[in-house]
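The file my_file.pdb contains PDB, C-alpha atoms:
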ATOM      1  CA  MET A   1       9.652  -5.914  25.142
ATOM      2  CA  SER A   2      12.332  -4.976  22.615
ATOM      3  CA  ALA A   3      13.330  -1.410  21.759
ATOM      4  CA  TYR A   4      11.407  -1.807  18.485
ATOM      5  CA  THR A   5       8.179  -2.932  20.159
ATOM      6  CA  ASP A   6       8.628  -0.090  22.657
ATOM      7  CA  ARG A   7       8.686   2.384  19.760
ATOM      8  CA  ILE A   8       5.569   0.810  18.261
ATOM      9  CA  ALA A   9       3.749   1.117  21.605
ATOM     10  CA  GLU A  10       4.819   4.751  22.034
ATOM     11  CA  ALA A  11       3.515   5.664  18.572
ATOM     12  CA  ALA A  12       0.214   3.845  19.178
ATOM     13  CA  ASP A  13      -0.214   5.552  22.559
ATOM     14  CA  ALA A  14       0.473   8.960  21.000
ATOM     15  CA  LEU A  15      -2.200   8.370  18.369
ATOM     16  CA  ARG A  16      -4.722   7.238  20.983
ATOM     17  CA  ALA A  17      -4.038  10.470  22.852
ATOM     18  CA  ARG A  18      -4.954  12.348  19.653
ATOM     19  CA  GLY A  19      -8.237  10.431  19.283
ATOM     20  CA  VAL A  20      -7.043   7.733  16.849
ATOM     21  CA  ASP A  21      -7.854   4.444  18.556
ATOM     22  CA  GLY A  22      -8.540   1.622  16.139
ATOM     23  CA  ALA A  23     -10.603   1.484  12.951
ATOM     24  CA  ASP A  24     -12.515  -0.951  10.771
ATOM     25  CA  VAL A  25      -9.916  -0.524   8.027
ATOM     26  CA  ALA A  26      -6.719   1.392   7.318
ATOM     27  CA  ILE A  27      -5.796   2.597   3.829
ATOM     28  CA  VAL A  28      -2.269   3.406   2.675
ATOM     29  CA  LEU A  29      -2.428   5.936  -0.163
ATOM     30  CA  GLY A  30       0.307   5.782  -2.790
ATOM     31  CA  SER A  31       1.834   8.437  -5.054
ATOM     32  CA  GLY A  32      -0.742  11.016  -6.102
ATOM     33  CA  LEU A  33      -3.606   9.092  -4.477
ATOM     34  CA  GLY A  34      -3.749  11.002  -1.197
ATOM     35  CA  ALA A  35      -6.901  12.952  -2.074
ATOM     36  CA  PHE A  36      -8.981  10.257  -0.367
ATOM     37  CA  ALA A  37      -7.584  11.333   3.012
ATOM     38  CA  GLU A  38      -8.894  14.842   2.401
ATOM     39  CA  THR A  39     -12.459  13.543   1.979
ATOM     40  CA  LEU A  40     -12.755  11.942   5.429
ATOM     41  CA  PRO A  41     -15.437  13.855   7.365
ATOM     42  CA  GLY A  42     -15.404  14.591  11.079
ATOM     43  CA  GLY A  43     -11.986  13.167  11.708
ATOM     44  CA  VAL A  44      -8.511  13.814  13.047
ATOM     45  CA  ARG A  45      -5.406  14.744  11.034
ATOM     46  CA  VAL A  46      -1.955  14.063  12.455
ATOM     47  CA  PRO A  47       1.216  14.965  10.507
ATOM     48  CA  TYR A  48       3.724  12.125  10.550
ATOM     49  CA  GLY A  49       6.281  14.406  12.173
ATOM     50  CA  GLU A  50       4.079  14.585  15.273
ATOM     51  CA  ILE A  51       3.943  10.791  15.755
ATOM     52  CA  PRO A  52       6.878   9.374  17.760
ATOM     53  CA  HIS A  53       9.340   7.323  15.672
ATOM     54  CA  TRP A  54       7.155   7.533  12.541
ATOM     55  CA  PRO A  55       9.332   7.780   9.396
ATOM     56  CA  ALA A  56       8.884  10.797   7.156
ATOM     57  CA  ALA A  57       7.265  10.532   3.706
ATOM     58  CA  LYS A  58       9.287  12.925   1.562
ATOM     59  CA  VAL A  59       8.518  11.779  -1.983
ATOM     60  CA  ILE A  60       6.492  14.135  -4.202
ATOM     61  CA  GLY A  61       2.841  13.071  -4.045
ATOM     62  CA  HIS A  62       3.068  11.822  -0.446
ATOM     63  CA  ALA A  63       1.600  14.365   1.985
ATOM     64  CA  GLY A  64       2.827  12.659   5.144
ATOM     65  CA  VAL A  65      -0.407  12.876   7.134
ATOM     66  CA  LEU A  66      -2.467  10.320   9.040
ATOM     67  CA  ALA A  67      -6.198  11.031   8.858
ATOM     68  CA  SER A  68      -9.018   9.327  10.738
ATOM     69  CA  GLY A  69     -12.723   9.634  10.005
ATOM     70  CA  LEU A  70     -15.934   7.914   8.942
ATOM     71  CA  VAL A  71     -16.826   6.476   5.535
ATOM     72  CA  GLY A  72     -20.211   4.799   5.141
ATOM     73  CA  GLY A  73     -20.468   4.374   8.904
ATOM     74  CA  ARG A  74     -17.066   2.659   9.081
ATOM     75  CA  ARG A  75     -14.141   4.093  11.017
ATOM     76  CA  VAL A  76     -11.203   4.571   8.642
ATOM     77  CA  ILE A  77      -7.543   5.462   9.124
ATOM     78  CA  ALA A  78      -5.952   6.832   5.954
ATOM     79  CA  LEU A  79      -2.198   7.196   5.585
ATOM     80  CA  SER A  80      -1.433   9.850   2.987
ATOM     81  CA  GLY A  81       2.019   8.713   1.960
ATOM     82  CA  ARG A  82       4.534   6.072   2.994
ATOM     83  CA  ALA A  83       8.246   5.644   3.605
ATOM     84  CA  HIS A  84      10.141   3.812   0.862
ATOM     85  CA  PHE A  85      13.088   1.421   0.927
ATOM     86  CA  TYR A  86      14.836   3.465  -1.784
ATOM     87  CA  GLU A  87      14.902   6.519   0.498
ATOM     88  CA  GLY A  88      17.378   4.643   2.676
ATOM     89  CA  HIS A  89      14.916   3.550   5.356
ATOM     90  CA  PRO A  90      15.440   0.055   6.780
ATOM     91  CA  LEU A  91      12.478  -2.207   6.125
ATOM     92  CA  THR A  92      11.604  -2.091   9.826
ATOM     93  CA  ASP A  93      10.913   1.637   9.303
ATOM     94  CA  VAL A  94       9.189   1.111   5.948
ATOM     95  CA  THR A  95       6.729  -1.211   7.712
ATOM     96  CA  PHE A  96       6.530   0.694  10.994
ATOM     97  CA  ALA A  97       3.078   2.035  10.110
ATOM     98  CA  MET A  98       1.768  -1.520   9.681
ATOM     99  CA  ARG A  99       3.095  -2.426  13.121
ATOM    100  CA  VAL A 100       1.390   0.567  14.710
ATOM    101  CA  LEU A 101      -1.897  -0.162  12.936
ATOM    102  CA  GLY A 102      -1.726  -3.697  14.295
ATOM    103  CA  ALA A 103      -1.061  -2.343  17.790
ATOM    104  CA  LEU A 104      -4.148  -0.131  17.429
ATOM    105  CA  GLY A 105      -6.235  -3.215  16.679
ATOM    106  CA  VAL A 106      -6.966  -2.482  13.012
ATOM    107  CA  PRO A 107      -8.111  -5.803  11.465
ATOM    108  CA  ARG A 108      -7.536  -5.080   7.758
ATOM    109  CA  VAL A 109      -5.597  -2.787   5.436
ATOM    110  CA  ILE A 110      -5.967  -1.593   1.855
ATOM    111  CA  LEU A 111      -2.559  -0.942   0.294
ATOM    112  CA  THR A 112      -2.558   1.284  -2.783
ATOM    113  CA  ASN A 113       0.183   2.379  -5.143
ATOM    114  CA  ALA A 114       0.998   3.862  -8.514
ATOM    115  CA  ALA A 115       2.575   1.200 -10.728
ATOM    116  CA  GLY A 116       3.997   0.717 -14.179
ATOM    117  CA  GLY A 117       1.990  -1.495 -16.503
ATOM    118  CA  ILE A 118       3.862  -4.594 -17.664
ATOM    119  CA  ASN A 119       0.771  -6.268 -19.088
ATOM    120  CA  THR A 120       0.314  -4.608 -22.487
ATOM    121  CA  ARG A 121      -3.453  -5.084 -22.193
ATOM    122  CA  PHE A 122      -3.644  -2.585 -19.324
ATOM    123  CA  ALA A 123      -4.576   0.994 -20.212
ATOM    124  CA  THR A 124      -2.870   3.915 -18.533
ATOM    125  CA  GLY A 125      -5.041   4.911 -15.556
ATOM    126  CA  ALA A 126      -6.483   1.425 -15.079
ATOM    127  CA  LEU A 127      -7.059   0.127 -11.551
ATOM    128  CA  MET A 128      -5.649  -3.330 -10.816
ATOM    129  CA  LEU A 129      -6.469  -5.541  -7.855
ATOM    130  CA  ILE A 130      -3.291  -7.267  -6.703
ATOM    131  CA  ASP A 131      -3.812 -11.040  -6.697
ATOM    132  CA  ASP A 132      -0.254 -11.819  -5.577
ATOM    133  CA  HIS A 133       3.223 -10.309  -5.656
ATOM    134  CA  LEU A 134       6.862 -10.983  -6.488
ATOM    135  CA  ASN A 135       9.287  -9.491  -3.964
ATOM    136  CA  PHE A 136      12.376  -8.286  -5.868
ATOM    137  CA  LEU A 137      13.525  -5.824  -3.204
ATOM    138  CA  GLY A 138      16.418  -8.115  -2.349
ATOM    139  CA  SER A 139      15.343  -8.267   1.288
ATOM    140  CA  ASN A 140      12.445  -9.132   3.565
ATOM    141  CA  PRO A 141      10.972  -7.005   6.385
ATOM    142  CA  LEU A 142      10.957 -10.000   8.754
ATOM    143  CA  ILE A 143      14.744 -10.455   8.702
ATOM    144  CA  GLY A 144      16.301 -10.160  12.149
ATOM    145  CA  PRO A 145      15.696 -11.536  15.639
ATOM    146  CA  SER A 146      12.336 -13.233  16.040
ATOM    147  CA  ASP A 147       9.926 -11.466  18.392
ATOM    148  CA  PRO A 148       6.780 -13.513  19.150
ATOM    149  CA  ALA A 149       4.978 -10.256  20.017
ATOM    150  CA  LEU A 150       5.164  -9.306  16.316
ATOM    151  CA  GLY A 151       3.972 -12.613  14.870
ATOM    152  CA  ALA A 152       5.184 -16.003  13.721
ATOM    153  CA  ARG A 153       8.798 -16.568  12.690
ATOM    154  CA  PHE A 154       7.707 -18.241   9.420
ATOM    155  CA  PRO A 155       4.283 -16.787   8.519
ATOM    156  CA  ASP A 156       2.300 -18.339   5.688
ATOM    157  CA  MET A 157       1.924 -16.178   2.557
ATOM    158  CA  THR A 158      -0.291 -18.502   0.500
ATOM    159  CA  GLU A 159      -3.097 -15.931   0.458
ATOM    160  CA  ILE A 160      -1.242 -12.710   1.160
ATOM    161  CA  TYR A 161      -3.960 -10.645  -0.580
ATOM    162  CA  SER A 162      -7.370 -11.637   0.753
ATOM    163  CA  ARG A 163      -9.513 -13.612  -1.678
ATOM    164  CA  ARG A 164     -12.604 -12.339   0.145
ATOM    165  CA  LEU A 165     -11.635  -8.680  -0.197
ATOM    166  CA  ARG A 166     -10.662  -9.104  -3.841
ATOM    167  CA  ALA A 167     -14.072 -10.608  -4.592
ATOM    168  CA  LEU A 168     -15.796  -7.792  -2.698
ATOM    169  CA  ALA A 169     -13.791  -5.133  -4.579
ATOM    170  CA  THR A 170     -14.599  -6.790  -7.908
ATOM    171  CA  GLU A 171     -18.317  -6.730  -7.070
ATOM    172  CA  VAL A 172     -18.181  -3.072  -6.021
ATOM    173  CA  ALA A 173     -16.389  -2.090  -9.223
ATOM    174  CA  ALA A 174     -18.992  -3.922 -11.328
ATOM    175  CA  VAL A 175     -21.866  -2.154  -9.558
ATOM    176  CA  GLN A 176     -20.158   1.214  -9.978
ATOM    177  CA  GLY A 177     -19.280   0.567 -13.617
ATOM    178  CA  ILE A 178     -15.555   0.963 -12.942
ATOM    179  CA  PRO A 179     -13.327  -1.226 -15.126
ATOM    180  CA  ILE A 180     -11.042  -3.307 -12.924
ATOM    181  CA  GLU A 181      -8.058  -5.492 -13.725
ATOM    182  CA  HIS A 182      -6.484  -8.320 -11.750
ATOM    183  CA  GLY A 183      -2.785  -9.097 -11.765
ATOM    184  CA  ILE A 184       0.564  -9.832 -10.164
ATOM    185  CA  TYR A 185       2.592  -6.933  -8.732
ATOM    186  CA  VAL A 186       6.379  -7.070  -8.687
ATOM    187  CA  ALA A 187       8.124  -4.912  -6.080
ATOM    188  CA  VAL A 188      11.581  -3.584  -6.965
ATOM    189  CA  HIS A 189      14.116  -1.582  -4.962
ATOM    190  CA  GLY A 190      14.300   1.550  -7.146
ATOM    191  CA  PRO A 191      14.596   4.492  -7.249
ATOM    192  CA  SER A 192      15.658   4.190 -10.882
ATOM    193  CA  TYR A 193      12.954   2.958 -13.183
ATOM    194  CA  GLU A 194      13.415  -0.531 -14.581
ATOM    195  CA  THR A 195      15.208  -1.303 -17.843
ATOM    196  CA  PRO A 196      13.293  -2.758 -20.792
ATOM    197  CA  ALA A 197      15.233  -6.020 -20.314
ATOM    198  CA  GLU A 198      14.105  -6.220 -16.685
ATOM    199  CA  ILE A 199      10.503  -5.610 -17.706
ATOM    200  CA  ARG A 200      10.707  -8.396 -20.304
ATOM    201  CA  ALA A 201      12.078 -10.715 -17.610
ATOM    202  CA  PHE A 202       9.309  -9.783 -15.160
ATOM    203  CA  ARG A 203       6.713 -10.423 -17.866
ATOM    204  CA  VAL A 204       8.117 -13.926 -18.374
ATOM    205  CA  LEU A 205       7.793 -14.472 -14.605
ATOM    206  CA  GLY A 206       4.103 -13.556 -14.776
ATOM    207  CA  ALA A 207       4.146  -9.961 -13.470
ATOM    208  CA  ASP A 208       1.501  -7.520 -14.682
ATOM    209  CA  ALA A 209       2.614  -4.340 -12.878
ATOM    210  CA  VAL A 210       5.783  -3.040 -11.234
ATOM    211  CA  GLY A 211       6.344  -0.635  -8.349
ATOM    212  CA  MET A 212       8.609   0.254  -5.438
ATOM    213  CA  SER A 213       6.399  -0.382  -2.404
ATOM    214  CA  THR A 214       3.525  -2.449  -0.975
ATOM    215  CA  ALA A 215       5.134  -5.911  -0.766
ATOM    216  CA  PRO A 216       6.941  -5.283   2.569
ATOM    217  CA  GLU A 217       3.782  -3.808   4.098
ATOM    218  CA  ALA A 218       1.704  -6.762   2.921
ATOM    219  CA  ILE A 219       4.203  -9.270   4.361
ATOM    220  CA  VAL A 220       4.229  -7.579   7.768
ATOM    221  CA  ALA A 221       0.451  -7.135   7.816
ATOM    222  CA  ARG A 222      -0.052 -10.835   7.148
ATOM    223  CA  GLN A 223       2.479 -11.797   9.811
ATOM    224  CA  MET A 224       0.278  -9.884  12.278
ATOM    225  CA  GLY A 225      -2.889 -11.543  10.977
ATOM    226  CA  LEU A 226      -4.334  -8.491   9.214
ATOM    227  CA  GLU A 227      -6.481  -9.016   6.117
ATOM    228  CA  VAL A 228      -4.914  -7.292   3.086
ATOM    229  CA  LEU A 229      -6.287  -5.826  -0.143
ATOM    230  CA  GLY A 230      -3.924  -4.313  -2.711
ATOM    231  CA  ILE A 231      -4.872  -1.869  -5.471
ATOM    232  CA  SER A 232      -2.489  -0.498  -8.111
ATOM    233  CA  CYS A 233      -3.205   2.500 -10.315
ATOM    234  CA  ILE A 234      -1.444   1.788 -13.626
ATOM    235  CA  SER A 235       0.088   5.236 -13.970
ATOM    236  CA  ASN A 236       2.356   4.566 -16.952
ATOM    237  CA  PRO A 237       3.474   1.823 -19.307
ATOM    238  CA  ALA A 238       6.602   0.143 -17.932
ATOM    239  CA  ALA A 239       9.965   0.687 -19.625
ATOM    240  CA  GLY A 240      10.072  -0.612 -23.179
ATOM    241  CA  VAL A 241       6.304  -1.116 -23.459
ATOM    242  CA  VAL A 242       6.143   2.134 -25.434
ATOM    243  CA  ASP A 243       8.987   4.092 -27.005
ATOM    244  CA  ALA A 244       9.018   6.954 -24.514
ATOM    245  CA  PRO A 245      11.010   7.858 -21.380
ATOM    246  CA  LEU A 246       9.463   7.548 -17.906
ATOM    247  CA  ASN A 247       9.157  10.370 -15.380
ATOM    248  CA  HIS A 248       7.440  10.947 -12.035
ATOM    249  CA  GLU A 249       5.506  13.988 -13.292
ATOM    250  CA  ASP A 250       3.561  11.788 -15.723
ATOM    251  CA  VAL A 251       2.785   9.375 -12.873
ATOM    252  CA  MET A 252       1.356  12.235 -10.820
ATOM    253  CA  ALA A 253      -0.709  13.526 -13.747
ATOM    254  CA  VAL A 254      -2.362  10.151 -14.322
ATOM    255  CA  THR A 255      -3.150   9.499 -10.651
ATOM    256  CA  THR A 256      -4.675  12.987 -10.436
ATOM    257  CA  ARG A 257      -6.832  12.230 -13.467
ATOM    258  CA  VAL A 258      -8.282   9.016 -12.009
ATOM    259  CA  ARG A 259      -8.596  10.078  -8.377
ATOM    260  CA  GLY A 260     -12.387  10.562  -8.563
ATOM    261  CA  GLN A 261     -12.876   7.005  -9.760
ATOM    262  CA  PHE A 262     -10.325   5.761  -7.236
ATOM    263  CA  ILE A 263     -12.083   7.491  -4.322
ATOM    264  CA  GLN A 264     -15.456   6.160  -5.493
ATOM    265  CA  LEU A 265     -14.078   2.607  -5.522
ATOM    266  CA  LEU A 266     -12.500   2.937  -2.065
ATOM    267  CA  GLU A 267     -15.703   4.365  -0.585
ATOM    268  CA  GLY A 268     -17.702   1.535  -2.106
ATOM    269  CA  ILE A 269     -15.364  -1.112  -0.734
ATOM    270  CA  VAL A 270     -15.302   0.411   2.754
ATOM    271  CA  GLY A 271     -19.085   0.661   2.771
ATOM    272  CA  ARG A 272     -19.366  -3.073   2.084
ATOM    273  CA  LEU A 273     -16.954  -4.243   4.781
TER     274      LEU A 273
END
Written as structure tokens, that's how I'd like the structure from this file.
Amino acid sequence: MSAYTDRIAEAADALRARGVDGADVAIVLGSGLGAFAETLPGGVRVPYGEIPHWPAAKVIGHAGVLASGLVGGRRVIALSGRAHFYEGHPLTDVTFAMRVLGALGVPRVILTNAAGGINTRFATGALMLIDDHLNFLGSNPLIGPSDPALGARFPDMTEIYSRRLRALATEVAAVQGIPIEHGIYVAVHGPSYETPAEIRAFRVLGADAVGMSTAPEAIVARQMGLEVLGISCISNPAAGVVDAPLNHEDVMAVTTRVRGQFIQLLEGIVGRL
């Protein structure tokens, strides 16, 4: 075992000792979307600081707590907050949670985020299922020595976001009467917001939403064979879409406004797994 896989095993063992031992699904909750973790009944809550080697989540809107509980008879692990590349974490730390979830035997993950809307058809507060992504972080979480214990050296990414889970989520949204969009997510390094010229370029490339997370986690999850669903909350128009500056406070306000609908959708999806 490498030092990295040793750290993964230590974190997984520590969570098992706290009563977190596998789940039907894990959910990573993005900026302002952590309220779902507070709704899990009869579960365990573990601050990230109490999990060995787990990177801190210090961005506003990221509580930094792992919660475990039941939703619709399914065992769920919810991560309220994530580490970001722009905070200076190496991508091995950004994706450490995915590695630990894989070590715990979790078969699928739902990755959520707050994103800027590039597609001018998307309303602020809309929920978008991620059909695919563009990785503009300038790096890849699989760079480095190959460790067969972590997965294939050259994993296939043809269907990085599960077609089955996207269809299921679309059906759930229709039953619940929740409008849902589909689109391509582009991941950028940040932490500065994008320029209008960059947004125009991303639109030409086919992107519908832009954010600073999710893609590395999805890549690592697929390398380990986990099924992945991605959901973006369109928290603001991207730069240049409207003639107004961007700020994180507006992102938080929008995600707070839609959290009831967001929680309803997540509960419906989990109940259908």
Top pick for closest residue to Ile8 in chain A, considering A:His53, A:His89, A:His133, A:Arg82 and counting only C-alpha atoms: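 Using only C-alpha atoms, Ile8 in chain A sits closest to A:His53.
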Give me the residues near Val258 in chain A as number ranges by chain, where near means some atom within 10 Å (using all atoms listed in the file) and where sequence neighbours in that chain fewer than 5 positions away do not count. A: 32-33, 124-127, 233, 235, 253, 263
Proximity check range 104-140 of chain A to range 162-166 of chain A, 12 Å, nearest pairs one decimal Å, only C-alpha atoms, as JSON lines:
{"residue": "A:Arg108", "atom": "CA", "partner": "A:Ser162", "partner_atom": "CA", "distance": 9.6}
{"residue": "A:Val109", "atom": "CA", "partner": "A:Leu165", "partner_atom": "CA", "distance": 10.1}
{"residue": "A:Ile110", "atom": "CA", "partner": "A:Leu165", "partner_atom": "CA", "distance": 9.3}
{"residue": "A:Leu111", "atom": "CA", "partner": "A:Ser162", "partner_atom": "CA", "distance": 11.7}
{"residue": "A:Met128", "atom": "CA", "partner": "A:Arg166", "partner_atom": "CA", "distance": 10.3}
{"residue": "A:Leu129", "atom": "CA", "partner": "A:Arg166", "partner_atom": "CA", "distance": 6.8}
{"residue": "A:Ile130", "atom": "CA", "partner": "A:Arg166", "partner_atom": "CA", "distance": 8.1}
{"residue": "A:Asp131", "atom": "CA", "partner": "A:Arg166", "partner_atom": "CA", "distance": 7.7}
{"residue": "A:Asp132", "atom": "CA", "partner": "A:Ser162", "partner_atom": "CA", "distance": 9.5}
query: Of the residues A:Gly102, A:Gly72, A:Pro237, A:Pro155, which is the one nearest to Phe122 in chain A, using all atoms listed in the file?
result: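 Closest to Phe122 in chain A, using all atoms listed in the file: A:Pro237.
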* Can you tell me how far CA of Pro191 in chain A sits from CA of Ser213 in chain A, in Å to one decimal? ->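 Rounded to one decimal, the two atoms are 10.7 Å apart.
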Checklist line | Contact residues around Leu226 in chain A with all atoms listed in the file at 8 Å, ignoring same-chain residues under 2 positions, as a ChimeraX atom specification | finding: /A:102,106-109,221-224,228
Correct to one decimal, the distance CA of Ala23 in chain A-CA of Leu66 in chain A is 12.6 Å
CA of Met212 in chain A sits from CA of Ala11 in chain A at a separation of 25.1 Å
